[in-house]
Amino acid sequence: MSSNAKQTIVILNGTLIDGSGNAPTQNEAVVIEGNRIRSTGPLPGDVRLQGRNDVNVIEASGQWIMPGLIDAHTHLSYGNPKVPGEPRGRGTTRPEFNTLRAARNAQKVLRSGVTSISVPGGTWFTDVAVRDAINFGLIEGPRVHCAGRMIVTYGCIEDEEPSWVGTPDHSIGILANSAAEMVAEVRRQCKHGVDFIKMADSRSGESQNISREEISAVVQEAHRRNARVAIHSRGSGSTRAAAEAGVDWIIHADLATEADLDAVAEAGVRIVPTVTFVERVLEIGRQVGQEQIQINLDRMKRHLDGLVNVLQRARALGVKVLCGTDSGNYTWMPYGELHAKEPEIMVRYGGYNPLEAIMACTRENAYSVGLENDVGVIEAGKLADIIILKHDPVADIRVLQERSNLSMVIKDGKIVDLGNDTLEESLLTFQEEVA
Ligand SMILES: [Zn+2]
């Protein structure tokens, strides 16, 4: 092991928000050795700060120390924006270009203080490749926990082409029209290294397109292979079926009834409402008109109402709510800018207090990246994924959304170069697309 690998980082002073929901405390020292947190609280007696060139001392007086943010719903490899001169198709038809862009997207995410992301779907096995490249140290990025293409049936979201075209490899859905076909697809994706399986029912919950028996078949096969299962489900029937089939988390659940949410609570299934996406659609739609973004705003308002209800009922029922944003879903869902919008929404609409919302995007979200024992909390033994903020996120949860509020990001015990990315790049791509 090189001496660099044994580097010790000591964060002195500062207010510690540990991610577990505990009240913030004035902290003397967070000691990081290698890629793990050795201690919080008083500086251990054997850690000398003077006369050692292998100790990096960071003074955090007047600042706030938190676990790195986790986004339970970010896509790195969707094909937006389209590349000039390419054939039609929802995604880019060039895997090589798509992979390079996904790598750049990952860097932007990390530089915004997000140290882990859960990626529920993408093109080819792009996200698997980006994850592996990050883990090998080839490129910079957050910890990536990813699914492959979403398992869909005819008529589901992401079954965009006519049946005689099917779902080409550059699309983010893959057709499987029976339990047997779905099980085969689970096996194929696990062989290629996905961390979990994503299923996707109808776009807006207008119909139930996947049966409980089919979801069960996927859950059983995936769990046998130690892969979890997530499902896009806005509808009542699909949400109930998913809960009863034992999926690990449900994305959206907007139109769930009281009885459906009771079933979710009873099954102990988590929900990733992803209100951020709906809010952003309404905001952008008001700016440029719904024709430009080709999404019906009245429908989106109904989804927002449904999601607010889900947030409030989930809190009352003790259903665990994870924070996801759908960043990367469209060009106007830019990387590095929306990952901490969901906690603000939980506070503003859902009745959660700021510490609960912070816990949702740290400790609770660790489940969405399969690291519930290792990240999301600052305590001895955990992986050293930490952010230091110039302002207090408990006083104003929106502090988490501004990159200018970040004074440091540490991932896996290493200080991240925050670069000098600007907003212009993402705005440019958005303007190009709507022009
Ligand atoms: Zn999504």
# chains A, B, ... in the order shown; residues from 1 in each chain; ligands from 1

$ select_by_dssp --residues "segment 135-303 of chain A" --states "strand (DSSP E or B)" --output "list of chain:residue names"
A:Arg143, A:Val144, A:His145, A:Cys146, A:Met150, A:Ile151, A:Val152, A:Gly173, A:Ile174, A:Leu175, A:Phe196, A:Ile197, A:Lys198, A:Met199, A:Ala200, A:Arg228, A:Val229, A:Ala230, A:Ile231, A:His232, A:Ser233, A:Trp249, A:Ile250, A:Ile251, A:His252, A:Arg270, A:Ile271, A:Val272

$ closest_atom_pairs --of "chain A" --to "ligand 1" --cutoff "7 Å" --atoms "only C-alpha atoms and all ligand atoms" --output "tab-separated table"
residue	atom	partner	partner_atom_place_in_ligand_line	distance
A:His73	CA	ligand 1	1 (Zn)	6.2
A:Thr74	CA	ligand 1	1 (Zn)	6.7
A:His75	CA	ligand 1	1 (Zn)	6.5
A:Pro120	CA	ligand 1	1 (Zn)	6.3
A:Asp326	CA	ligand 1	1 (Zn)	4.7
A:Asn329	CA	ligand 1	1 (Zn)	6.0

$ atom_distance --atom1 "atom CA of Thr40 of chain A" --atom2 "atom CA of Leu418 of chain A"
24.7 Å

$ select_by_dssp --residues "segment 226-361 of chain A" --states "helix (DSSP H, G or I)" --output "PyMOL selection string"
chain A and resi 236-245+258-267+275-288+290-293+297-317+341-350+354-360

$ atom_distance --atom1 "atom CA of Pro84 of chain A" --atom2 "atom CA of Leu110 of chain A"
28.1 Å

$ residues_around --residues "segment 350-363 of chain A" --least-positions-apart "5" --cutoff "6 Å" --atoms "only C-alpha atoms" --output "PyMOL selection string"
chain A and resi 19-21+69-70+311-312+322-323+343+376-377+394

$ atom_distance --atom1 "atom CA of Gly381 of chain A" --atom2 "atom CA of Arg36 of chain A"
5.9 Å

$ residues_around --residues "His223 of chain A" --least-positions-apart "6" --cutoff "12 Å" --atoms "only C-alpha atoms" --output "PyMOL selection string"
chain A and resi 183+186-187+190+195-197+215-217+229-230+245-248

$ residues_around --residues "Ala60 of chain A" --least-positions-apart "3" --cutoff "8 Å" --atoms "only C-alpha atoms" --output "list in words"
Ile11, Leu12, Asn13, Gly14, Gln63, Trp64, Ile65 and Ile388 of chain A

$ residues_around --residues "Ala384 of chain A" --least-positions-apart "3" --cutoff "10 Å" --atoms "only C-alpha atoms" --output "list in words"
Ile9, Val30, Val31, Ile32, Glu33, Gly34, Asn35, Arg36, Ile37, Arg38, Pro67, Gly68, Thr115, Asp374, Val375, Gly376, Val377, Ile378, Glu379, Ala380, Gly381, Ile387, Ile410, Lys411, Asp412, Gly413 and Lys414 of chain A
